[in-house]
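S.K.: See data_26.txt below, with compact mmCIF, C-alpha atoms.
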# COMPACT_ATOMS: atom_id res chain seq x y z
CA MET A 1 53.98 -30.35 -6.65
CA LEU A 2 52.00 -27.23 -5.82
CA SER A 3 49.20 -26.22 -8.17
CA SER A 4 48.14 -22.64 -8.85
CA ASN A 5 44.69 -21.40 -7.98
CA TYR A 6 44.36 -18.29 -10.10
CA LYS A 7 40.84 -16.89 -10.44
CA ILE A 8 41.71 -14.09 -12.87
CA ILE A 9 43.49 -14.45 -16.20
CA ALA A 10 44.59 -11.84 -18.77
CA VAL A 11 45.31 -12.93 -22.35
CA ASP A 12 47.13 -10.77 -24.88
CA ASN A 13 49.66 -11.21 -27.68
CA GLU A 14 51.72 -8.21 -26.50
CA GLN A 15 53.81 -8.48 -23.34
CA GLU A 16 53.63 -4.74 -22.75
CA GLU A 17 49.83 -4.85 -22.54
CA LEU A 18 49.97 -7.79 -20.14
CA ASP A 19 52.42 -5.90 -17.94
CA ARG A 20 50.00 -2.94 -17.78
CA ILE A 21 47.03 -4.95 -16.58
CA GLU A 22 49.10 -7.14 -14.24
CA GLU A 23 50.59 -4.06 -12.59
CA CYS A 24 47.16 -2.58 -11.95
CA PHE A 25 45.93 -5.81 -10.37
CA ARG A 26 49.08 -5.94 -8.26
CA ASP A 27 48.34 -2.42 -6.99
CA LEU A 28 44.87 -3.68 -6.04
CA ARG A 29 46.53 -6.64 -4.26
CA ILE A 30 44.72 -9.12 -6.51
CA ALA A 31 46.42 -12.06 -8.22
CA CYS A 32 46.15 -12.18 -12.01
CA TYR A 33 47.76 -14.70 -14.34
CA PRO A 34 49.15 -13.02 -17.50
CA LEU A 35 49.15 -15.33 -20.52
CA LEU A 36 51.10 -14.32 -23.62
CA TYR A 37 49.13 -15.91 -26.44
CA SER A 38 49.15 -15.58 -30.20
CA SER A 39 46.76 -17.01 -32.76
CA GLY A 40 47.52 -20.69 -33.26
CA ASP A 41 49.16 -21.24 -29.86
CA THR A 42 48.02 -24.24 -27.81
CA PRO A 43 48.46 -23.89 -24.04
CA PRO A 44 49.76 -27.08 -22.37
CA GLU A 45 46.67 -27.24 -20.16
CA LYS A 46 43.30 -25.52 -20.10
CA PHE A 47 42.38 -23.30 -17.16
CA LYS A 48 39.60 -24.30 -14.75
CA GLY A 49 37.87 -22.25 -12.08
CA ILE A 50 38.64 -18.90 -13.75
CA ARG A 51 36.14 -16.29 -12.56
CA LEU A 52 37.33 -13.23 -14.49
CA ALA A 53 38.90 -13.51 -17.95
CA PHE A 54 40.39 -10.55 -19.85
CA PHE A 55 40.96 -11.21 -23.55
CA ASP A 56 42.42 -8.97 -26.20
CA VAL A 57 40.16 -9.33 -29.24
CA ASN A 58 42.97 -9.32 -31.81
CA LEU A 59 45.45 -12.03 -30.88
CA SER A 60 47.24 -11.99 -34.21
CA ILE A 61 49.63 -9.68 -36.05
CA GLY A 62 48.02 -7.16 -38.39
CA ASN A 63 44.38 -6.22 -38.87
CA PRO A 64 42.30 -9.26 -39.77
CA ASN A 65 38.78 -8.84 -41.13
CA ASP A 66 35.74 -9.38 -38.91
CA GLN A 67 35.34 -13.05 -39.87
CA MET A 68 38.97 -13.87 -39.03
CA LEU A 69 38.82 -11.80 -35.85
CA CYS A 70 35.79 -13.75 -34.60
CA ASN A 71 37.41 -17.05 -35.52
CA ILE A 72 40.65 -16.17 -33.71
CA ILE A 73 39.01 -15.08 -30.45
CA SER A 74 36.60 -18.05 -30.36
CA SER A 75 39.55 -20.44 -30.91
CA ALA A 76 41.45 -18.74 -28.09
CA LEU A 77 38.49 -19.11 -25.72
CA LYS A 78 38.20 -22.81 -26.60
CA ASN A 79 41.94 -23.40 -26.21
CA ILE A 80 42.36 -21.58 -22.91
CA LEU A 81 39.16 -22.12 -20.87
CA ALA A 82 38.00 -25.62 -19.95
CA HIS A 83 34.42 -26.36 -20.94
CA ASP A 84 33.57 -27.10 -17.28
CA ASN A 85 35.33 -23.94 -16.08
CA GLY A 86 32.27 -22.76 -14.15
CA PRO A 87 30.84 -19.23 -13.88
CA TYR A 88 33.06 -16.43 -15.14
CA ALA A 89 32.91 -12.89 -16.49
CA LEU A 90 34.46 -12.25 -19.91
CA ILE A 91 36.02 -8.85 -20.52
CA PHE A 92 37.27 -7.84 -23.95
CA TRP A 93 40.19 -5.50 -23.30
CA SER A 94 41.10 -4.28 -26.76
CA LEU A 95 41.41 -1.65 -29.44
CA HIS A 96 38.64 -3.60 -31.19
CA ALA A 97 35.99 -3.33 -28.44
CA SER A 98 33.45 -2.23 -31.06
CA LYS A 99 33.51 -5.77 -32.49
CA LEU A 100 31.74 -7.21 -29.43
CA ALA A 101 28.35 -7.60 -31.14
CA ALA A 102 29.89 -9.46 -34.08
CA ILE A 103 31.86 -11.75 -31.77
CA LYS A 104 28.81 -12.63 -29.69
CA GLU A 105 26.78 -13.36 -32.83
CA TYR A 106 29.57 -15.54 -34.23
CA ILE A 107 29.87 -17.61 -31.04
CA GLU A 108 26.07 -17.89 -30.67
CA THR A 109 25.65 -19.30 -34.18
CA ARG A 110 28.81 -21.41 -34.48
CA GLU A 111 30.53 -22.14 -31.16
CA LYS A 112 27.86 -21.87 -28.47
CA ASP A 113 28.27 -25.48 -27.30
CA ASN A 114 32.07 -25.37 -27.35
CA ILE A 115 32.79 -22.29 -25.24
CA PRO A 116 31.65 -21.91 -21.60
CA SER A 117 28.97 -19.25 -21.39
CA PRO A 118 29.97 -16.21 -19.26
CA ILE A 119 27.68 -14.71 -16.64
CA PHE A 120 28.24 -11.35 -18.32
CA VAL A 121 30.40 -9.80 -21.04
CA ASP A 122 31.95 -6.34 -20.78
CA THR A 123 34.57 -4.30 -22.61
CA ILE A 124 37.49 -2.04 -21.80
CA ASP A 125 38.44 0.08 -24.78
CA LYS A 126 42.22 0.53 -24.83
CA VAL A 127 41.73 3.77 -26.76
CA GLY A 128 40.32 5.41 -23.65
CA ILE A 129 43.01 4.10 -21.29
CA VAL A 130 45.65 6.83 -21.06
CA SER A 131 47.11 6.13 -17.61
CA SER A 132 47.30 3.31 -15.07
CA ASP A 133 44.69 5.17 -13.01
CA ASP A 134 42.27 4.97 -15.95
CA LEU A 135 42.77 1.21 -16.16
CA LYS A 136 42.50 0.79 -12.41
CA ARG A 137 39.14 2.60 -12.38
CA GLU A 138 37.86 0.28 -15.13
CA LEU A 139 39.01 -2.79 -13.21
CA GLU A 140 37.30 -1.55 -10.04
CA ARG A 141 34.11 -0.93 -12.03
CA ILE A 142 34.10 -4.52 -13.29
CA LEU A 143 35.03 -5.98 -9.91
CA SER A 144 32.04 -4.18 -8.35
CA ASN A 145 29.57 -6.35 -10.28
CA PRO A 146 27.28 -7.92 -7.61
CA THR A 147 27.19 -11.42 -9.14
CA LEU A 148 30.95 -11.51 -9.55
CA ASN A 149 31.29 -10.20 -6.01
CA ILE A 150 29.27 -12.98 -4.40
CA ILE A 151 31.22 -15.65 -6.32
CA PHE A 152 34.56 -14.23 -5.18
CA ASP A 153 33.23 -13.70 -1.66
CA TYR A 154 32.06 -17.28 -1.11
CA GLU A 155 35.18 -18.85 -2.61
CA ASN A 156 37.37 -16.58 -0.50
CA LYS A 157 35.46 -17.48 2.66
CA ALA A 158 35.84 -21.19 1.86
CA MET A 159 39.61 -20.72 1.48
CA LEU A 160 39.76 -18.82 4.77
CA ALA A 161 37.85 -21.64 6.46
CA ALA A 162 40.37 -24.17 5.09
CA SER A 163 43.23 -22.00 6.39
CA ARG A 164 41.65 -21.79 9.84
CA THR A 165 41.23 -25.55 9.87
CA ILE A 166 44.90 -26.09 9.03
CA ASN A 167 46.00 -23.49 11.60
CA SER A 168 43.95 -24.95 14.44
CA LEU A 169 45.18 -28.50 13.83
CA PHE A 170 48.82 -27.66 13.24
CA ASN A 171 48.90 -25.54 16.40
CA LEU A 172 47.94 -28.65 18.37
CA VAL A 173 51.01 -30.62 17.28
CA PRO A 174 53.62 -30.49 20.09
CA ARG A 175 57.14 -29.41 19.13
CA ASP A 176 58.75 -31.02 22.19
CA GLY A 177 61.54 -28.50 22.56
CA ASP A 178 62.33 -28.02 18.88
CA LYS A 179 64.32 -24.83 18.47
CA TRP A 180 63.03 -22.13 16.16
CA GLY A 181 63.35 -23.41 12.58
CA ASP A 182 63.84 -27.07 13.63
CA ASN A 183 61.12 -29.64 13.00
CA THR A 184 62.45 -33.03 14.12
CA ALA A 185 59.95 -33.54 16.93
CA PHE A 186 57.20 -31.75 14.99
CA ASP A 187 57.39 -34.20 12.05
CA SER A 188 57.11 -37.22 14.33
CA ASN A 189 54.28 -35.72 16.38
CA PHE A 190 52.46 -34.62 13.22
CA ASP A 191 52.32 -38.26 12.11
CA LYS A 192 51.01 -39.35 15.52
CA VAL A 193 48.30 -36.67 15.78
CA PHE A 194 46.93 -36.97 12.25
CA SER A 195 47.14 -40.78 12.22
CA LYS A 196 45.11 -40.81 15.44
CA ILE A 197 42.50 -38.50 13.88
CA ALA A 198 42.27 -40.79 10.83
CA VAL A 199 41.87 -43.93 12.97
CA GLU A 200 39.18 -42.37 15.17
CA ALA A 201 37.26 -41.34 12.04
CA THR A 202 37.27 -44.68 10.22
CA GLY A 203 38.98 -47.40 12.28
CA GLU A 204 42.51 -48.82 12.13
CA LYS A 205 42.12 -51.17 9.17
CA TYR A 206 40.38 -48.68 6.91
CA ALA A 207 42.77 -45.86 7.83
CA ALA A 208 45.79 -48.04 6.99
CA GLU A 209 44.30 -48.90 3.60
CA ASN A 210 42.86 -45.46 2.82
CA PRO A 211 44.80 -42.78 4.72
CA LYS A 212 43.70 -39.91 2.44
CA LEU A 213 39.98 -40.64 2.75
CA SER A 214 40.29 -41.30 6.47
CA ILE A 215 42.01 -38.01 7.29
CA GLN A 216 39.53 -36.21 5.05
CA LYS A 217 36.63 -37.64 7.07
CA GLY A 218 38.41 -36.77 10.29
CA ILE A 219 39.06 -33.15 9.35
CA SER A 220 35.81 -32.36 7.51
CA PRO A 221 33.70 -31.59 10.65
CA ILE A 222 36.19 -28.87 11.63
CA LEU A 223 36.21 -27.48 8.08
CA ILE A 224 32.39 -27.39 7.93
CA HIS A 225 32.30 -25.66 11.32
CA ASN A 226 34.75 -23.02 10.09
CA ILE A 227 32.76 -22.49 6.87
CA HIS A 228 29.59 -21.93 8.90
CA ASN A 229 31.40 -19.39 11.04
CA GLN A 230 32.47 -17.27 8.07
CA SER A 231 30.39 -14.12 7.65
CA LEU A 232 29.52 -13.32 4.06
CA THR A 233 29.76 -9.73 2.90
CA GLU A 234 26.84 -7.29 2.61
CA VAL A 235 26.70 -7.76 -1.17
CA TRP A 236 24.53 -10.83 -0.55
CA ASP A 237 21.95 -8.59 1.19
CA SER A 238 21.56 -6.42 -1.87
CA LYS A 239 21.76 -9.29 -4.38
CA LEU A 240 19.12 -11.50 -2.75
CA SER A 241 15.69 -10.00 -2.14
CA LEU A 242 12.94 -12.32 -3.44
CA PHE A 243 12.15 -14.10 -0.16
CA SER A 244 8.37 -13.75 -0.19
CA LYS A 245 6.97 -16.99 -1.63
CA PRO A 246 10.06 -17.53 -3.82
CA LYS A 247 9.77 -19.61 -7.00
CA PHE A 248 12.34 -21.02 -9.36
CA PRO A 249 12.42 -19.32 -12.76
CA THR A 250 10.76 -20.88 -15.80
CA GLY A 251 12.94 -23.58 -17.28
CA PHE A 252 14.87 -24.19 -14.05
CA ARG A 253 15.64 -27.90 -13.64
CA VAL A 254 14.98 -28.80 -10.03
CA GLY A 255 16.22 -32.33 -10.72
CA VAL A 256 19.70 -31.02 -11.49
CA LEU A 257 19.74 -29.07 -8.21
CA ASN A 258 18.60 -32.14 -6.26
CA SER A 259 21.29 -34.23 -7.96
CA THR A 260 23.90 -31.66 -6.96
CA TYR A 261 22.81 -31.95 -3.34
CA HIS A 262 22.22 -35.68 -3.08
CA ILE A 263 24.01 -37.67 -5.83
CA ASP A 264 27.69 -38.62 -5.75
CA ASN A 265 28.94 -39.71 -9.18
CA THR A 266 32.61 -40.17 -8.25
CA LYS A 267 34.06 -43.44 -9.46
CA PHE A 268 36.07 -44.67 -6.49
CA HIS A 269 33.19 -46.15 -4.48
CA GLY A 270 32.70 -49.92 -4.31
CA LYS A 271 29.48 -51.90 -3.98
CA ASP A 272 30.18 -52.09 -0.25
CA ALA A 273 30.01 -48.29 0.18
CA ARG A 274 27.15 -47.13 2.37
CA GLY A 275 24.67 -45.30 0.17
CA CYS A 276 25.84 -47.02 -3.00
CA ILE A 277 23.07 -47.65 -5.55
CA VAL A 278 23.61 -50.73 -7.72
CA SER A 279 21.40 -52.23 -10.38
CA SER A 280 19.55 -55.39 -9.37
CA LYS A 281 20.30 -58.75 -11.02
CA LEU A 282 17.81 -60.75 -8.98
CA GLN A 283 16.15 -61.83 -12.24
CA HIS A 284 13.99 -64.87 -11.37
CA ASP A 285 14.86 -64.77 -7.65
CA TYR A 286 12.21 -62.24 -6.68
CA GLN A 287 9.63 -64.90 -5.85
CA LYS A 288 12.19 -67.03 -4.00
CA LEU A 289 13.80 -64.24 -1.98
CA LEU A 290 10.98 -61.74 -1.54
CA GLY A 291 7.86 -63.88 -1.83
CA LYS A 292 6.39 -61.96 -4.78
CA SER A 293 6.90 -61.75 -8.51
CA LYS A 294 8.71 -58.80 -10.05
CA ARG A 295 5.46 -57.50 -11.55
CA ALA A 296 3.61 -57.84 -8.24
CA ILE A 297 6.33 -55.90 -6.40
CA LEU A 298 6.23 -53.16 -9.02
CA GLU A 299 2.47 -52.81 -8.81
CA GLN A 300 2.61 -52.80 -5.02
CA MET A 301 5.27 -50.07 -5.09
CA PHE A 302 3.10 -47.78 -7.21
CA LYS A 303 -0.47 -48.70 -6.16
CA PHE A 304 -2.13 -48.00 -9.48
CA GLN A 305 -5.85 -47.33 -9.42
CA GLY A 306 -7.97 -50.40 -10.05
CA ASN A 307 -10.39 -50.96 -12.93
CA ALA A 308 -8.12 -49.30 -15.47
CA ASN A 309 -9.40 -49.17 -19.02
CA ALA A 310 -7.45 -50.73 -21.88
CA GLU A 311 -5.64 -47.49 -22.76
CA GLN A 312 -4.65 -46.83 -19.15
CA ASP A 313 -3.48 -50.42 -18.76
CA ARG A 314 -1.32 -50.03 -21.88
CA LYS A 315 0.26 -46.89 -20.43
CA ILE A 316 0.91 -48.64 -17.11
CA LYS A 317 2.64 -51.56 -18.80
CA ALA A 318 4.75 -49.20 -20.91
CA PHE A 319 5.69 -47.24 -17.79
CA LEU A 320 6.64 -50.34 -15.79
CA SER A 321 8.94 -51.45 -18.60
CA LYS A 322 10.99 -48.29 -17.99
CA CYS A 323 11.38 -48.91 -14.25
CA ASP A 324 14.67 -50.34 -12.99
CA PHE A 325 15.04 -52.24 -9.75
CA VAL A 326 17.98 -51.00 -7.71
CA LEU A 327 19.58 -52.00 -4.40
CA LEU A 328 20.77 -49.47 -1.82
CA GLU A 329 23.55 -50.40 0.64
CA ILE A 330 22.16 -49.26 3.98
CA SER A 331 24.43 -50.81 6.63
CA ALA A 332 24.94 -49.11 9.98
CA ALA A 333 26.98 -45.92 9.65
CA CYS A 334 29.39 -46.99 12.40
CA ASP A 335 30.06 -50.36 10.76
CA TYR A 336 30.73 -48.67 7.45
CA ALA A 337 32.94 -45.98 8.99
CA GLN A 338 35.11 -48.59 10.74
CA ASN A 339 34.94 -51.15 7.91
CA ASN A 340 33.62 -53.85 10.26
CA HIS A 341 33.14 -57.33 8.84
CA ARG A 342 29.45 -57.92 8.19
CA ILE A 343 26.80 -59.16 5.81
CA TYR A 344 26.02 -56.06 3.80
CA LYS A 345 22.43 -54.87 3.99
CA TYR A 346 20.71 -53.85 0.74
CA MET A 347 17.29 -52.22 0.48
CA LEU A 348 15.18 -52.85 -2.62
CA GLY A 349 14.05 -49.82 -4.55
CA ILE A 350 12.95 -48.63 -7.95
CA GLU A 351 14.40 -45.94 -10.18
CA TYR A 352 11.54 -44.72 -12.32
CA PRO A 353 10.97 -41.95 -14.90
CA ILE A 354 8.84 -38.96 -13.99
CA GLU A 355 5.54 -39.38 -15.83
CA ASN A 356 3.01 -37.44 -13.81
CA GLU A 357 0.00 -38.68 -15.75
CA ILE A 358 0.88 -42.25 -14.68
CA VAL A 359 2.61 -41.97 -11.30
CA LYS A 360 1.61 -39.74 -8.45
CA LYS A 361 2.70 -40.02 -4.84
CA SER A 362 0.08 -42.22 -3.26
CA GLU A 363 -1.50 -41.05 -0.04
CA LYS A 364 -2.07 -44.74 0.69
CA ASP A 365 1.67 -45.39 0.95
CA GLY A 366 2.53 -46.34 4.50
CA ASN A 367 5.61 -45.38 6.48
CA TYR A 368 7.41 -48.37 4.98
CA VAL A 369 7.95 -46.46 1.72
CA PHE A 370 10.48 -43.70 1.05
CA HIS A 371 9.99 -41.27 -1.85
CA SER A 372 13.02 -39.40 -3.14
CA PRO A 373 12.87 -35.98 -4.78
CA VAL A 374 13.24 -35.72 -8.55
CA PHE A 375 16.79 -36.21 -9.85
CA SER A 376 18.28 -35.47 -13.24
CA LEU A 377 20.45 -38.42 -14.29
CA ASN A 378 21.97 -38.72 -17.74
CA GLY A 379 19.63 -36.04 -19.03
CA LYS A 380 16.46 -37.76 -17.75
CA GLU A 381 14.18 -36.82 -14.86
CA VAL A 382 13.84 -39.78 -12.49
CA ALA A 383 13.01 -40.54 -8.87
CA LEU A 384 13.67 -43.35 -6.40
CA LYS A 385 11.24 -45.28 -4.27
CA PHE A 386 12.40 -47.66 -1.51
CA ASN A 387 10.40 -50.29 0.36
CA PHE A 388 11.60 -50.92 3.93
CA ARG A 389 9.96 -54.36 3.88
CA TYR A 390 12.43 -55.72 1.33
CA ILE A 391 15.90 -55.92 2.88
CA ILE A 392 18.47 -58.43 1.59
CA GLY A 393 21.79 -59.46 3.11
CA LEU A 394 24.43 -59.93 0.41
CA ASN A 395 28.17 -59.96 -0.03
CA PRO A 396 29.36 -57.15 -2.35
CA SER A 397 30.78 -59.75 -4.73
CA ASP A 398 27.42 -61.54 -5.06
CA ASP A 399 26.32 -61.90 -8.68
CA LYS A 400 22.86 -60.61 -7.71
CA LEU A 401 24.41 -57.13 -7.59
CA GLY A 402 24.77 -55.38 -10.92
CA GLU A 403 26.81 -52.35 -11.89
CA ILE A 404 27.31 -49.35 -9.61
CA LYS A 405 25.04 -46.51 -10.74
CA TYR A 406 25.91 -43.75 -8.22
CA ARG A 407 25.99 -43.10 -4.48
CA LEU A 408 23.55 -41.14 -2.34
CA ASN A 409 25.13 -38.42 -0.22
CA ASP A 410 24.89 -38.53 3.57
CA ASN A 411 22.08 -35.97 3.82
CA ILE A 412 19.40 -38.01 2.03
CA LEU A 413 20.94 -41.31 3.14
CA ASN A 414 20.54 -40.34 6.79
CA GLN A 415 16.92 -39.39 6.09
CA ILE A 416 16.28 -42.85 4.63
CA GLY A 417 18.04 -44.47 7.58
CA ASN A 418 16.05 -42.47 10.12
CA GLN A 419 12.72 -43.35 8.49
CA TYR A 420 13.74 -47.00 8.20
CA SER A 421 14.82 -47.23 11.86
CA ALA A 422 11.54 -45.57 12.94
CA TYR A 423 9.61 -48.11 10.85
CA VAL A 424 11.37 -51.25 12.14
CA SER A 425 11.28 -50.09 15.79
CA ARG A 426 7.72 -48.76 16.00
CA LEU A 427 5.41 -50.31 18.58
CA GLY A 428 1.96 -51.53 17.68
CA THR A 429 -1.03 -50.33 19.72
CA VAL A 430 -4.51 -51.70 20.18
CA THR A 431 -6.96 -48.95 19.26
CA PHE A 432 -10.74 -48.88 18.98
CA TYR A 433 -12.74 -46.36 16.97
Can the structure in the file be given as structure tokens, please?

M.R.:
Amino acid sequence: MLSSNYKIIAVDNEQEELDRIEECFRDLRIACYPLLYSSGDTPPEKFKGIRLAFFDVNLSIGNPNDQMLCNIISSALKNILAHDNGPYALIFWSLHASKLAAIKEYIETREKDNIPSPIFVDTIDKVGIVSSDDLKRELERILSNPTLNIIFDYENKAMLAASRTINSLFNLVPRDGDKWGDNTAFDSNFDKVFSKIAVEATGEKYAAENPKLSIQKGISPILIHNIHNQSLTEVWDSKLSLFSKPKFPTGFRVGVLNSTYHIDNTKFHGKDARGCIVSSKLQHDYQKLLGKSKRAILEQMFKFQGNANAEQDRKIKAFLSKCDFVLLEISAACDYAQNNHRIYKYMLGIEYPIENEIVKKSEKDGNYVFHSPVFSLNGKEVALKFNFRYIIGLNPSDDKLGEIKYRLNDNILNQIGNQYSAYVSRLGTVTFY
């Protein structure tokens, strides 16, 4: 079943008003979903990915007082927009546009955590809208907002890239003499072409078991290429200007940004997935398997300064109690892609909290250690540290492997793999000073 992908929604309790705004958007050749909604209605499903939302302030019959008006519109926003909707602009299109300040105050004090926060709020006063041209000018004014423009621009370019990807692949499928409107040969050849792409991406066995993931991996390089070849509009030139020694604003959480780039929290990965991070259940096997106690490995990983006083030693012990050993699946990319039978390779690491007064990146760390950037996981700022000297071969069903925590994305995983391969393949030299 096809799903809609509306980016603009208009909400009103009068069909005539919805027809007015929908007609203007249609004249602008922009899709808008009109939703007839009255106070107390519950839509069957909340909207996600809306970028521009028009709401009539009074969604009930009559003239409710300010308190009721604020309650009605906040309930409508909660009922219609999903909490993880993403960035959107909220436009109050109403005869009650003067109530904006009261509405914002009501939501700030009572519903702030329940309604997705808009990137900006604006109003269109219906009193001043006499003709469709008046409304169209107001819509064009709102659509000219630079932030809204760059959001629409990037999403549109991504959709165009997906269309180009589909076009280029479908044009390759032979029709073998099919007449116009017939698709007998096309359907058979489509299966052959796309099955071959899936197999080349992941191998026969994996493709047969996971056709969706396999074809996704096979097509993604073309999609990425097409995205890179899309030219963004000039609005980005005017919106972005702080390129001289740029800094993040105060309060910006770099860990959240790093997690967005490098952490995959989807649930369908197994412990055999390359890049999968699982908790360690080695327990008392550290000495047996790795030749050192758990405490000795921890202290080696962090290289605390010697001769610590009693207070510093107490802080170190408290810090180490918060560190979790983890294991990273780091098998060869080709073996993973083709699901080759193997003993899975796990690299020992530590997930530790960011406590700068205790832990600082040691300049004494050799090239056998990998430091991750700061991540934000479950509301906490943490980092990872891996030691290339501690590699264990395990089966994914081994009871030494704990629960799956998350998976590292290919970008940082390839960086770890490159540093690890450089470490294990480096040549020693005899040097005199």

S.K.: For A:Ala82, which of A:Asn189, A:Asn114, A:Asn414, A:Ser231 is the closest residue, counting all atoms listed in the file?

M.R.: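 Looking only at the distances to A:Ala82, the closest residue turns out to be A:Asn114.
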
S.K.: Would you mind listing, for every residue of stretch 139-212 of chain A within 10 Å of stretch 86-99 of chain A, the two atoms forming the shortest contact and the distance between them in Å to one decimal, using all atoms listed in the file, sorted by chain and ascending residue number, as a tab-separated table?

M.R.:
residue	atom	partner	partner_atom	distance
A:Leu139	CA	A:Ile91	CA	10.0
A:Ile142	CA	A:Ile91	CA	8.6
A:Leu143	CA	A:Ala89	CA	9.8
A:Asn145	CA	A:Ala89	CA	9.6
A:Thr147	CA	A:Ala89	CA	9.4
A:Leu148	CA	A:Ala89	CA	7.3
A:Ile151	CA	A:Pro87	CA	8.4

S.K.: Residues around (27.9, -59.5, 5.4), cut-off 9 Å, counting all atoms listed in the file - what are they as a PyMOL selection string?

M.R.: chain A and resi 341-345+393-396

S.K.: Restricting the calculation to all atoms listed in the file, which member of A:Ser38, A:Asn309, A:Asn58, A:Gln300 is positioned closest to A:Ile80?

M.R.: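 Smallest separation from A:Ile80 among the options: A:Ser38.
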
S.K.: Which distance in Å separates atom CA of A:Val256 and atom CA of A:Phe375, to one decimal?

M.R.: 6.2 Å

S.K.: Counting only C-alpha atoms, what is within 12 Å of A:Gln67, bar same-chain residues fewer than 5 positions away, as a CSV table (one decimal) with C-alpha atoms, in the frame of the given file?

M.R.:
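What ended up in part-v6.csv:
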chain,number,residue,atom,x,y,z
A,58,ASN,CA,43.0,-9.3,-31.8
A,72,ILE,CA,40.6,-16.2,-33.7
A,73,ILE,CA,39.0,-15.1,-30.4
A,74,SER,CA,36.6,-18.0,-30.4
A,99,LYS,CA,33.5,-5.8,-32.5
A,102,ALA,CA,29.9,-9.5,-34.1
A,103,ILE,CA,31.9,-11.8,-31.8
A,105,GLU,CA,26.8,-13.4,-32.8
A,106,TYR,CA,29.6,-15.5,-34.2
A,107,ILE,CA,29.9,-17.6,-31.0
A,110,ARG,CA,28.8,-21.4,-34.5

S.K.: Give me, as an MDAnalysis selection string, all polymer residues having an atom no more than 8 Å from A:Asp12, counting all atoms listed in the file and skipping those fewer than 3 positions away in the same chain.

M.R.: chainID A and resid 15 17:18 34:38 55:56 59

S.K.: Select, from A:Ala201, A:Ser75, A:Leu242, A:Pro174, the residue with the minimum atom-to-atom distance to A:Ser220, counting all atoms listed in the file.

M.R.: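 Closest candidate: A:Ala201.
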
S.K.: Rank A:Phe302, A:Tyr406, A:Ile124, A:Leu290 by their smallest atom-to-atom distance to A:Thr266, using only C-alpha atoms, and report the top residue only.

M.R.: A:Tyr406

S.K.: From the options A:Ile297, A:Ala208, A:Ile219, A:Ile115, which residue's atoms come nearest to A:Ile166, counting all atoms listed in the file?

M.R.: A:Ile219

S.K.: Quick one, how far is atom CA of A:Met159 from atom CA of A:Ile227?

M.R.: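 The value is 8.9 Å.
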